[in-house]
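Trainee: Sending over structure_14.cif (mmCIF, C-alpha atoms).
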```
data_protein
#
loop_
_atom_site.label_atom_id
_atom_site.label_comp_id
_atom_site.auth_asym_id
_atom_site.auth_seq_id
_atom_site.Cartn_x
_atom_site.Cartn_y
_atom_site.Cartn_z
CA MET A 1138 19.97 -29.44 -11.03
CA SER A 1139 22.74 -31.24 -9.18
CA SER A 1140 23.18 -31.16 -5.42
CA SER A 1141 26.24 -33.40 -5.35
CA SER A 1142 29.94 -32.62 -5.40
CA ASP A 1143 30.37 -33.80 -9.01
CA TYR A 1144 29.09 -30.52 -10.45
CA THR A 1145 31.77 -28.38 -12.10
CA PRO A 1146 30.70 -24.85 -13.03
CA PRO A 1147 31.30 -23.99 -16.68
CA LYS A 1148 33.69 -21.20 -17.64
CA VAL A 1149 30.73 -18.98 -18.57
CA TRP A 1150 27.31 -19.54 -17.06
CA ALA A 1151 24.43 -19.77 -19.55
CA TRP A 1152 20.70 -19.64 -18.94
CA ASN A 1153 19.75 -22.83 -20.76
CA LYS A 1154 17.45 -24.61 -18.31
CA ALA A 1155 14.80 -23.83 -15.76
CA SER A 1156 16.12 -23.04 -12.31
CA GLY A 1157 13.62 -25.34 -10.62
CA GLY A 1158 11.77 -24.66 -7.41
CA ARG A 1159 8.68 -22.71 -6.57
CA PHE A 1160 9.68 -19.53 -8.39
CA ALA A 1161 11.18 -21.04 -11.53
CA ASN A 1162 8.51 -19.53 -13.78
CA ILE A 1163 9.43 -15.95 -12.87
CA ASN A 1164 13.19 -16.17 -12.35
CA ARG A 1165 15.38 -14.84 -15.16
CA PRO A 1166 18.85 -13.30 -15.47
CA ILE A 1167 17.73 -10.09 -17.19
CA ALA A 1168 15.82 -7.00 -16.06
CA GLY A 1169 13.11 -4.94 -17.69
CA ALA A 1170 9.47 -5.35 -18.60
CA THR A 1171 8.10 -8.51 -20.19
CA HIS A 1172 4.76 -7.01 -21.18
CA ASP A 1173 2.87 -3.74 -21.41
CA LYS A 1174 0.54 -3.06 -18.51
CA GLU A 1175 -0.32 0.25 -16.95
CA LEU A 1176 -0.88 0.40 -13.21
CA PRO A 1177 -4.20 1.46 -11.70
CA VAL A 1178 -4.36 4.75 -9.81
CA GLY A 1179 -6.73 5.44 -6.94
CA ARG A 1180 -7.90 8.62 -5.28
CA HIS A 1181 -5.40 8.91 -2.43
CA PRO A 1182 -2.08 10.79 -2.37
CA LEU A 1183 -0.05 7.60 -1.97
CA GLN A 1184 -0.29 4.68 -4.37
CA LEU A 1185 1.27 1.43 -3.16
CA TYR A 1186 1.83 -1.55 -5.43
CA SER A 1187 2.70 -4.55 -3.33
CA LEU A 1188 2.04 -8.00 -1.91
CA GLY A 1189 1.65 -9.03 1.74
CA THR A 1190 5.07 -10.59 2.10
CA PRO A 1191 7.34 -9.44 4.94
CA ASN A 1192 8.77 -6.71 2.70
CA GLY A 1193 5.30 -5.55 1.72
CA GLN A 1194 4.08 -5.60 5.33
CA LYS A 1195 6.75 -3.13 6.40
CA VAL A 1196 5.20 -0.37 4.32
CA THR A 1197 1.53 -1.07 5.04
CA ILE A 1198 2.33 -1.18 8.75
CA MET A 1199 4.08 2.18 8.47
CA LEU A 1200 1.16 3.72 6.59
CA GLU A 1201 -1.35 2.43 9.12
CA GLU A 1202 0.81 3.73 11.97
CA LEU A 1203 0.96 7.16 10.32
CA LEU A 1204 -2.81 7.22 9.92
CA ALA A 1205 -3.21 6.21 13.56
CA LEU A 1206 -1.10 9.25 14.49
CA GLY A 1207 -3.52 11.45 12.59
CA HIS A 1208 -1.51 12.06 9.41
CA ALA A 1209 -4.37 12.33 6.89
CA GLY A 1210 -1.86 12.76 4.08
CA ALA A 1211 -0.82 9.15 4.59
CA GLU A 1212 -4.08 7.85 3.12
CA TYR A 1213 -3.23 5.29 0.50
CA ASP A 1214 -4.46 2.86 -2.10
CA ALA A 1215 -2.80 -0.55 -1.85
CA TRP A 1216 -2.92 -2.40 -5.15
CA LEU A 1217 -2.15 -6.10 -5.32
CA ILE A 1218 0.83 -7.24 -7.38
CA ARG A 1219 0.76 -11.00 -7.88
CA ILE A 1220 4.45 -11.76 -8.18
CA GLY A 1221 3.82 -15.46 -8.82
CA GLU A 1222 2.09 -14.43 -12.04
CA GLY A 1223 4.85 -12.03 -13.07
CA GLU A 1224 2.86 -8.81 -12.61
CA GLN A 1225 6.01 -7.09 -11.31
CA PHE A 1226 7.37 -7.27 -14.85
CA GLY A 1227 4.60 -5.14 -16.33
CA SER A 1228 5.77 -1.90 -17.92
CA GLY A 1229 3.93 0.29 -15.42
CA PHE A 1230 5.48 -1.44 -12.42
CA VAL A 1231 8.97 -1.44 -13.93
CA ALA A 1232 8.63 2.31 -14.49
CA ILE A 1233 8.29 2.72 -10.71
CA ASN A 1234 10.74 0.01 -9.70
CA PRO A 1235 13.31 -0.98 -12.33
CA ASN A 1236 14.30 -3.85 -10.03
CA SER A 1237 10.84 -5.45 -10.38
CA LYS A 1238 10.43 -6.19 -6.69
CA ILE A 1239 7.59 -5.28 -4.36
CA PRO A 1240 6.84 -2.93 -2.70
CA ALA A 1241 6.84 0.16 -4.90
CA LEU A 1242 5.34 3.51 -3.95
CA LEU A 1243 4.18 6.46 -6.04
CA ASP A 1244 3.67 9.71 -4.15
CA ARG A 1245 1.20 11.83 -6.11
CA SER A 1246 0.72 14.50 -3.45
CA GLY A 1247 2.91 17.08 -5.20
CA ALA A 1248 3.04 18.71 -8.61
CA LYS A 1249 5.10 15.82 -9.98
CA PRO A 1250 4.75 12.17 -8.87
CA ILE A 1251 7.72 10.78 -6.95
CA ARG A 1252 8.61 7.11 -7.18
CA VAL A 1253 10.20 5.28 -4.26
CA PHE A 1254 11.33 1.66 -4.33
CA GLU A 1255 13.05 -0.68 -1.86
CA SER A 1256 11.16 -1.14 1.39
CA GLY A 1257 13.79 0.50 3.60
CA ALA A 1258 13.88 3.54 1.34
CA ILE A 1259 10.09 3.79 1.46
CA LEU A 1260 10.06 3.66 5.28
CA LEU A 1261 12.70 6.39 5.47
CA TYR A 1262 10.92 8.51 2.85
CA LEU A 1263 7.59 8.31 4.67
CA ALA A 1264 9.16 9.02 8.06
CA GLU A 1265 10.81 12.18 6.72
CA LYS A 1266 7.72 13.24 4.74
CA PHE A 1267 5.65 13.20 7.91
CA GLY A 1268 7.95 15.14 10.20
CA SER A 1269 10.33 12.41 11.36
CA ALA A 1270 7.48 10.16 12.42
CA PHE A 1271 8.90 7.00 14.02
CA LEU A 1272 12.40 8.30 13.27
CA PRO A 1273 14.57 10.15 15.78
CA ARG A 1274 15.50 13.57 14.45
CA SER A 1275 19.20 13.57 15.26
CA GLY A 1276 22.04 12.24 17.34
CA ALA A 1277 22.78 8.79 18.64
CA GLU A 1278 19.18 7.58 18.55
CA ARG A 1279 18.81 8.46 14.85
CA ALA A 1280 22.10 6.70 14.08
CA GLU A 1281 20.95 3.64 16.04
CA CYS A 1282 17.61 3.58 14.21
CA LEU A 1283 19.22 3.78 10.79
CA SER A 1284 21.80 1.18 11.74
CA TRP A 1285 19.11 -1.36 12.61
CA LEU A 1286 17.07 -0.41 9.53
CA PHE A 1287 20.01 -1.12 7.26
CA TRP A 1288 20.95 -4.20 9.30
CA GLN A 1289 17.60 -5.62 8.30
CA MET A 1290 18.04 -4.72 4.65
CA GLY A 1291 21.39 -6.50 4.58
CA SER A 1292 20.49 -9.46 6.78
CA ALA A 1293 17.04 -10.56 5.60
CA PRO A 1294 18.25 -11.86 2.20
CA TYR A 1295 20.14 -14.56 4.14
CA LEU A 1296 16.90 -15.45 5.88
CA GLY A 1297 14.54 -15.28 2.91
CA GLY A 1298 16.61 -15.95 -0.18
CA GLY A 1299 19.01 -18.18 1.71
CA PHE A 1300 17.45 -20.19 4.52
CA GLY A 1301 13.83 -19.87 3.41
CA HIS A 1302 14.59 -20.81 -0.17
CA PHE A 1303 16.65 -23.91 0.57
CA TYR A 1304 14.57 -25.07 3.54
CA ALA A 1305 11.10 -24.55 2.03
CA TYR A 1306 11.20 -23.91 -1.71
CA ALA A 1307 14.19 -25.54 -3.42
CA PRO A 1308 13.35 -28.61 -5.55
CA SER A 1309 15.72 -30.75 -3.49
CA LYS A 1310 17.00 -30.61 0.08
CA ILE A 1311 20.68 -29.70 0.10
CA GLU A 1312 22.18 -30.31 3.53
CA TYR A 1313 25.11 -27.96 3.07
CA ALA A 1314 22.91 -25.04 1.96
CA ILE A 1315 20.34 -25.55 4.73
CA ASP A 1316 23.04 -25.87 7.39
CA ARG A 1317 24.88 -22.81 6.09
CA PHE A 1318 21.84 -20.53 6.11
CA ALA A 1319 20.30 -21.99 9.28
CA MET A 1320 23.54 -21.14 11.07
CA GLU A 1321 23.42 -17.57 9.79
CA THR A 1322 19.71 -17.16 10.59
CA LYS A 1323 20.26 -18.33 14.17
CA ARG A 1324 23.21 -15.97 14.49
CA GLN A 1325 20.99 -13.10 13.39
CA LEU A 1326 18.30 -14.10 15.88
CA ASP A 1327 20.98 -14.07 18.56
CA VAL A 1328 22.07 -10.58 17.47
CA LEU A 1329 18.51 -9.39 17.93
CA ASP A 1330 18.01 -11.25 21.20
CA ARG A 1331 21.11 -9.70 22.73
CA ARG A 1332 20.06 -6.20 21.65
CA LEU A 1333 16.51 -6.67 22.93
CA ALA A 1334 17.86 -7.83 26.29
CA GLU A 1335 19.13 -4.26 26.68
CA THR A 1336 16.26 -2.21 25.24
CA GLU A 1337 12.51 -2.41 24.76
CA TYR A 1338 12.75 -1.68 21.04
CA LEU A 1339 15.66 -1.81 18.64
CA THR A 1340 16.47 1.88 18.82
CA GLY A 1341 15.86 2.15 22.56
CA ASP A 1342 12.71 3.09 24.44
CA ASP A 1343 10.78 4.17 21.35
CA TYR A 1344 9.15 2.17 18.56
CA THR A 1345 10.61 3.23 15.20
CA ILE A 1346 10.84 2.33 11.53
CA ALA A 1347 13.65 -0.05 12.49
CA ASP A 1348 11.14 -2.20 14.38
CA MET A 1349 8.69 -1.97 11.48
CA ALA A 1350 11.38 -3.22 9.12
CA VAL A 1351 12.63 -6.08 11.28
CA TRP A 1352 9.35 -7.33 12.78
CA PRO A 1353 7.68 -8.83 9.66
CA TRP A 1354 10.77 -10.96 9.01
CA TYR A 1355 12.19 -11.87 12.40
CA GLY A 1356 9.05 -11.40 14.45
CA GLY A 1357 7.24 -13.62 11.98
CA LEU A 1358 10.02 -16.18 12.21
CA ALA A 1359 9.97 -16.07 16.02
CA LYS A 1360 6.22 -16.71 16.06
CA GLY A 1361 6.51 -19.66 13.67
CA LEU A 1362 4.88 -17.86 10.72
CA LEU A 1363 7.68 -18.20 8.16
CA TYR A 1364 8.62 -21.35 6.25
CA GLY A 1365 7.20 -23.72 8.89
CA ALA A 1366 10.65 -23.51 10.47
CA GLY A 1367 9.95 -22.50 14.06
CA GLU A 1368 10.73 -25.88 15.60
CA PHE A 1369 13.72 -26.46 13.31
CA LEU A 1370 15.32 -23.18 14.40
CA ALA A 1371 14.22 -23.50 18.07
CA VAL A 1372 12.82 -19.98 17.92
CA GLN A 1373 11.32 -20.28 21.41
CA ASP A 1374 14.86 -19.99 22.81
CA TYR A 1375 15.09 -16.32 21.82
CA LYS A 1376 13.08 -14.98 24.76
CA ASN A 1377 13.73 -11.30 24.16
CA VAL A 1378 12.80 -11.56 20.49
CA GLN A 1379 9.61 -13.34 21.55
CA ARG A 1380 8.71 -10.54 23.98
CA TRP A 1381 9.38 -7.86 21.37
CA ALA A 1382 7.49 -9.74 18.65
CA ASP A 1383 4.43 -10.11 20.90
CA THR A 1384 4.48 -6.44 21.91
CA ILE A 1385 4.59 -5.17 18.35
CA GLY A 1386 2.10 -7.74 17.13
CA GLU A 1387 -0.53 -6.34 19.51
CA ARG A 1388 -0.40 -2.84 18.02
CA PRO A 1389 -3.70 -2.12 16.19
CA ALA A 1390 -1.91 -0.55 13.21
CA VAL A 1391 0.32 -3.60 12.90
CA LYS A 1392 -2.69 -5.90 12.95
CA ARG A 1393 -4.18 -3.89 10.11
CA GLY A 1394 -1.02 -3.42 8.08
CA ARG A 1395 0.02 -7.06 8.11
CA ILE A 1396 -3.13 -8.24 6.33
CA VAL A 1397 -3.09 -5.73 3.45
CA ASN A 1398 -2.35 -7.33 0.05
CA ARG A 1399 -2.19 -10.72 1.78
CA LEU A 1400 -3.09 -13.79 -0.27
CA GLN A 1401 -2.45 -16.61 2.18
CA GLY A 1402 -3.81 -17.91 5.46
CA ASP A 1403 -7.08 -17.27 7.23
CA PRO A 1404 -9.55 -15.44 4.95
CA LYS A 1405 -10.24 -13.06 7.87
CA ALA A 1406 -6.59 -12.01 7.64
CA GLN A 1407 -6.60 -11.29 3.91
CA LEU A 1408 -7.40 -7.84 2.56
CA HIS A 1409 -6.36 -8.14 -1.06
CA GLU A 1410 -6.62 -4.41 -1.76
CA ARG A 1411 -7.00 -1.47 0.57
CA HIS A 1412 -8.61 1.76 -0.65
CA ASP A 1413 -10.44 2.96 2.47
CA ALA A 1414 -10.21 2.41 6.21
CA SER A 1415 -13.60 0.71 6.10
CA ASP A 1416 -12.14 -2.07 3.94
CA PHE A 1417 -10.77 -3.75 7.07
CA GLU A 1418 -14.34 -4.25 8.27
CA LEU A 1419 -16.06 -4.83 4.95
CA ARG A 1420 -13.71 -6.32 2.37
CA THR A 1421 -11.57 -9.02 3.94
CA GLN A 1422 -11.87 -12.30 2.07
CA ASP A 1423 -14.23 -13.89 4.60
CA LYS A 1424 -16.63 -10.94 4.27
CA LEU A 1425 -16.48 -10.98 0.47
CA ALA A 1426 -17.08 -14.75 0.39
CA ALA A 1427 -20.09 -14.40 2.70
CA LYS A 1428 -21.47 -11.59 0.57
CA ASN A 1429 -21.00 -13.56 -2.64
CA ALA A 1430 -22.70 -16.59 -1.10
CA ALA A 1431 -25.67 -14.46 -0.07
CA ASP A 1432 -26.08 -12.83 -3.51
#
```
Hey, can you dump this file as structure tokens for me?
Mentor:
Amino acid sequence: MSSSSDYTPPKVWAWNKASGGRFANINRPIAGATHDKELPVGRHPLQLYSLGTPNGQKVTIMLEELLALGHAGAEYDAWLIRIGEGEQFGSGFVAINPNSKIPALLDRSGAKPIRVFESGAILLYLAEKFGSAFLPRSGAERAECLSWLFWQMGSAPYLGGGFGHFYAYAPSKIEYAIDRFAMETKRQLDVLDRRLAETEYLTGDDYTIADMAVWPWYGGLAKGLLYGAGEFLAVQDYKNVQRWADTIGERPAVKRGRIVNRLQGDPKAQLHERHDASDFELRTQDKLAAKNAAD
């Protein structure tokens, strides 16, 4: 892979070498399943197949918030999809999400299962399913909420696939790419900071699915949890984003949701699968390790 100015793209691109970088073993230019594998199904109405990345956290936070409101129908099984091992290309997963990206949701509460993929679509689906929970019903507030929800869906690829990839994961450091995406990431942080100077939450006075969508990405970035890039991006300068990130991070449902399907970090903050509310107390990785050591 060349990072210099002497590279001339061919007339027609061909996939004839590994892309390099952390995700080279799963990147490919074609869609579809690579192997047959059915997905497990638990006992709850909602079946989530995911990983505790920022996109995965959006949905588990929403589900935990719904349960905290008393929506028993939001009980869910969260199954781990190890994307580094290519499990998202199994036939069962592709049947739910033809784009082979986490998260993917199967709603089995009705006569016929309903698939929902793309994290923003899942948040909107769940909000509407449970009586406009965390979603204004109409008017300017609903429009504002949806605007910020879709802002996140359009903006985060520049943060994750752009800045995060070239800063943390690419096989070589390319100054132009890092500068380009760092500039855009800081612009996005400034967009948020200016909005949050005016309102407590993104939509206004109320916490909504827009905050749930944006917080795992930009709240995580503001608190130095993504890509080891906090100092590089001077995230402490975005005071309003910091205030908002801290406020949301203290919500009990957020604390629960952000550790579901998580594979990295403190073992106390890793719940690889969630099938019951008691799993948060009994089945985090530190508890399982202690149990295994005692057996």
Trainee: Find, counting only C-alpha atoms, the residue in A:Ile1315, A:Leu1263, A:Ile1167, A:Ile1233 that gets nearest to A:Ala1211.
Mentor: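 Among A:Ile1315, A:Leu1263, A:Ile1167, A:Ile1233, it is A:Leu1263 that comes nearest to A:Ala1211.
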Trainee: Which residue gives the smallest distance to A:Ala1270 among A:Pro1235, A:Pro1146, A:Gly1223, A:Gly1207, with only C-alpha atoms counted?
Mentor: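 Smallest distance to A:Ala1270 is found for A:Gly1207.
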Trainee: Since I can't run it myself right now, could you work out what the PyMOL selection byres ((chain A and resi 1212) around 9) selects here and report it as a PyMOL selection string?
Mentor: chain A and resi 1181-1184+1200-1201+1203-1204+1208-1211+1213-1214+1412-1414
Trainee: What's the separation between atom CA of A:Trp1285 and atom CA of A:Thr1340, in Å to one decimal place?
Mentor: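 One can read the atom CA of A:Trp1285 to atom CA of A:Thr1340 distance as 7.5 Å.
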Trainee: Can you spell out as a PDB file with C-alpha atoms, keeping the file's coordinate frame the set of residues that the PyMOL selection byres ((chain A and resi 1185-1190) around 8) selects in the structure I just provided?
Mentor:
```
ATOM      1  CA  LEU A1183      -0.050   7.600  -1.970  1.00  0.00           C
ATOM      2  CA  GLN A1184      -0.290   4.680  -4.370  1.00  0.00           C
ATOM      3  CA  PRO A1191       7.340  -9.440   4.940  1.00  0.00           C
ATOM      4  CA  ASN A1192       8.770  -6.710   2.700  1.00  0.00           C
ATOM      5  CA  GLY A1193       5.300  -5.550   1.720  1.00  0.00           C
ATOM      6  CA  GLN A1194       4.080  -5.600   5.330  1.00  0.00           C
ATOM      7  CA  TYR A1213      -3.230   5.290   0.500  1.00  0.00           C
ATOM      8  CA  ASP A1214      -4.460   2.860  -2.100  1.00  0.00           C
ATOM      9  CA  ALA A1215      -2.800  -0.550  -1.850  1.00  0.00           C
ATOM     10  CA  TRP A1216      -2.920  -2.400  -5.150  1.00  0.00           C
ATOM     11  CA  LEU A1217      -2.150  -6.100  -5.320  1.00  0.00           C
ATOM     12  CA  ILE A1218       0.830  -7.240  -7.380  1.00  0.00           C
ATOM     13  CA  ARG A1219       0.760 -11.000  -7.880  1.00  0.00           C
ATOM     14  CA  ILE A1220       4.450 -11.760  -8.180  1.00  0.00           C
ATOM     15  CA  PHE A1230       5.480  -1.440 -12.420  1.00  0.00           C
ATOM     16  CA  ILE A1239       7.590  -5.280  -4.360  1.00  0.00           C
ATOM     17  CA  PRO A1240       6.840  -2.930  -2.700  1.00  0.00           C
ATOM     18  CA  ALA A1241       6.840   0.160  -4.900  1.00  0.00           C
ATOM     19  CA  LEU A1242       5.340   3.510  -3.950  1.00  0.00           C
ATOM     20  CA  LEU A1243       4.180   6.460  -6.040  1.00  0.00           C
ATOM     21  CA  ARG A1395       0.020  -7.060   8.110  1.00  0.00           C
ATOM     22  CA  ILE A1396      -3.130  -8.240   6.330  1.00  0.00           C
ATOM     23  CA  VAL A1397      -3.090  -5.730   3.450  1.00  0.00           C
ATOM     24  CA  ASN A1398      -2.350  -7.330   0.050  1.00  0.00           C
ATOM     25  CA  ARG A1399      -2.190 -10.720   1.780  1.00  0.00           C
ATOM     26  CA  LEU A1400      -3.090 -13.790  -0.270  1.00  0.00           C
TER      27      LEU A1400
END
```
Trainee: I want to know what sits within 12 Å of A:Trp1152, based on all atoms listed in the file, with residues of the same chain fewer than 3 positions away left out; could you give that as a VMD selection string?
Mentor: chain A and resid 1147 1149 1155 to 1156 1164 to 1167
Trainee: Could you name the residues that touch A:Leu1260 at 7 Å or less, counting all atoms listed in the file, but leaving out those on the same chain fewer than 6 positions away, as a list in words?
Mentor: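 Final neighbour list, sorted by chain and number: Val1196, Met1199 and Ile1346 of chain A.
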Trainee: Show me a table, sorted first by chain and then by increasing residue number, of the residues of stretch 1268-1293 of chain A having an atom at most 12 Å from stretch 1355-1365 of chain A, each with its shortest atom pair and the distance in Å to one decimal, counting all atoms listed in the file and written as CSV.
Mentor:
```
residue,atom,partner,partner_atom,distance
A:Gln1289,CA,A:Tyr1355,CA,9.2
A:Ser1292,CA,A:Tyr1355,CA,10.3
A:Ala1293,CA,A:Tyr1355,CA,8.5
```
Trainee: Which residues are close to stretch 1327-1329 of chain A, i.e. within 10 Å by all atoms listed in the file, leaving aside same-chain residues fewer than 5 positions away? Reply as a list in words.
Mentor: Trp1285, Glu1321, Thr1322, Ala1334, Leu1339, Val1351, Tyr1355, Asp1374, Tyr1375, Asn1377, Val1378 and Trp1381 of chain A
Trainee: Could you work out how far atom CA of A:Asp1343 lies from atom CA of A:Ile1385, giving the answer in Å with one decimal?
Mentor: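 One can read the atom CA of A:Ile1385 to atom CA of A:Asp1343 distance as 11.6 Å.
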Trainee: Go ahead and compute the interatomic distance for atom CA of A:Phe1271 and atom CA of A:Tyr1344, in Å to one decimal.
Mentor: 6.6 Å
Trainee: Nearest to A:Gly1169: which of A:Ala1371, A:Ala1319, A:Ala1232, A:Ala1430 is it, counting all atoms listed in the file?
Mentor: A:Ala1232
Trainee: Given the file shown, determine the residues that the PyMOL selection byres ((chain A and resi 1417-1424) around 8) selects; report them as JSON, numbers by chain.
Mentor: {"A": [1393, 1404, 1405, 1406, 1407, 1408, 1409, 1411, 1414, 1415, 1416, 1425, 1426, 1427, 1428]}
Trainee: For A:His1302, work out the shell of residues within 10 Å, counting all atoms listed in the file and skipping chain neighbours fewer than 3 positions away, then give it as a list of chain:residue names.
Mentor: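 Here the qualifying residues turn out to be A:Gly1158, A:Arg1159, A:Phe1160, A:Pro1294, A:Tyr1295, A:Leu1296, A:Gly1297, A:Gly1298, A:Gly1299, A:Ala1305, A:Tyr1306, A:Ala1307, A:Pro1308, A:Ala1314, A:Ile1315, A:Phe1318, A:Tyr1364.
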Trainee: Padding of 4 Å on every side, edges along x, y and z, all listed atoms of stretch 1407-1426 of chain A included: what centre and edge lengths in Å, to one decimal, does that box have, as JSON?
Mentor:
```
{"center_x": -11.7, "center_y": -5.9, "center_z": 3.3, "size_x": 18.7, "size_y": 25.7, "size_z": 18.0}
```
Trainee: Tell me, counting all atoms listed in the file, for each residue of stretch 1297-1410 of chain A within 10 Å of stretch 1255-1259 of chain A, which pair of atoms is nearest and how far apart they are in Å to one decimal, in rows ordered by chain and increasing number, as a Markdown table.
Mentor:
```
| residue | atom | partner | partner_atom | distance |
| --- | --- | --- | --- | --- |
| A:Ile1346 | CA | A:Gly1257 | CA | 8.7 |
| A:Ala1347 | CA | A:Gly1257 | CA | 8.9 |
| A:Met1349 | CA | A:Gly1257 | CA | 9.7 |
| A:Ala1350 | CA | A:Gly1257 | CA | 7.1 |
```
Trainee: Give me the residues within 10 Å of A:Arg1388 as a CSV table (one decimal) with C-alpha atoms, in the frame of the given file, counting all atoms listed in the file and dropping any in the same chain fewer than 5 places off.
Mentor:
```csv
chain,number,residue,atom,x,y,z
A,1198,ILE,CA,2.3,-1.2,8.8
A,1202,GLU,CA,0.8,3.7,12.0
A,1383,ASP,CA,4.4,-10.1,20.9
A,1393,ARG,CA,-4.2,-3.9,10.1
A,1394,GLY,CA,-1.0,-3.4,8.1
```
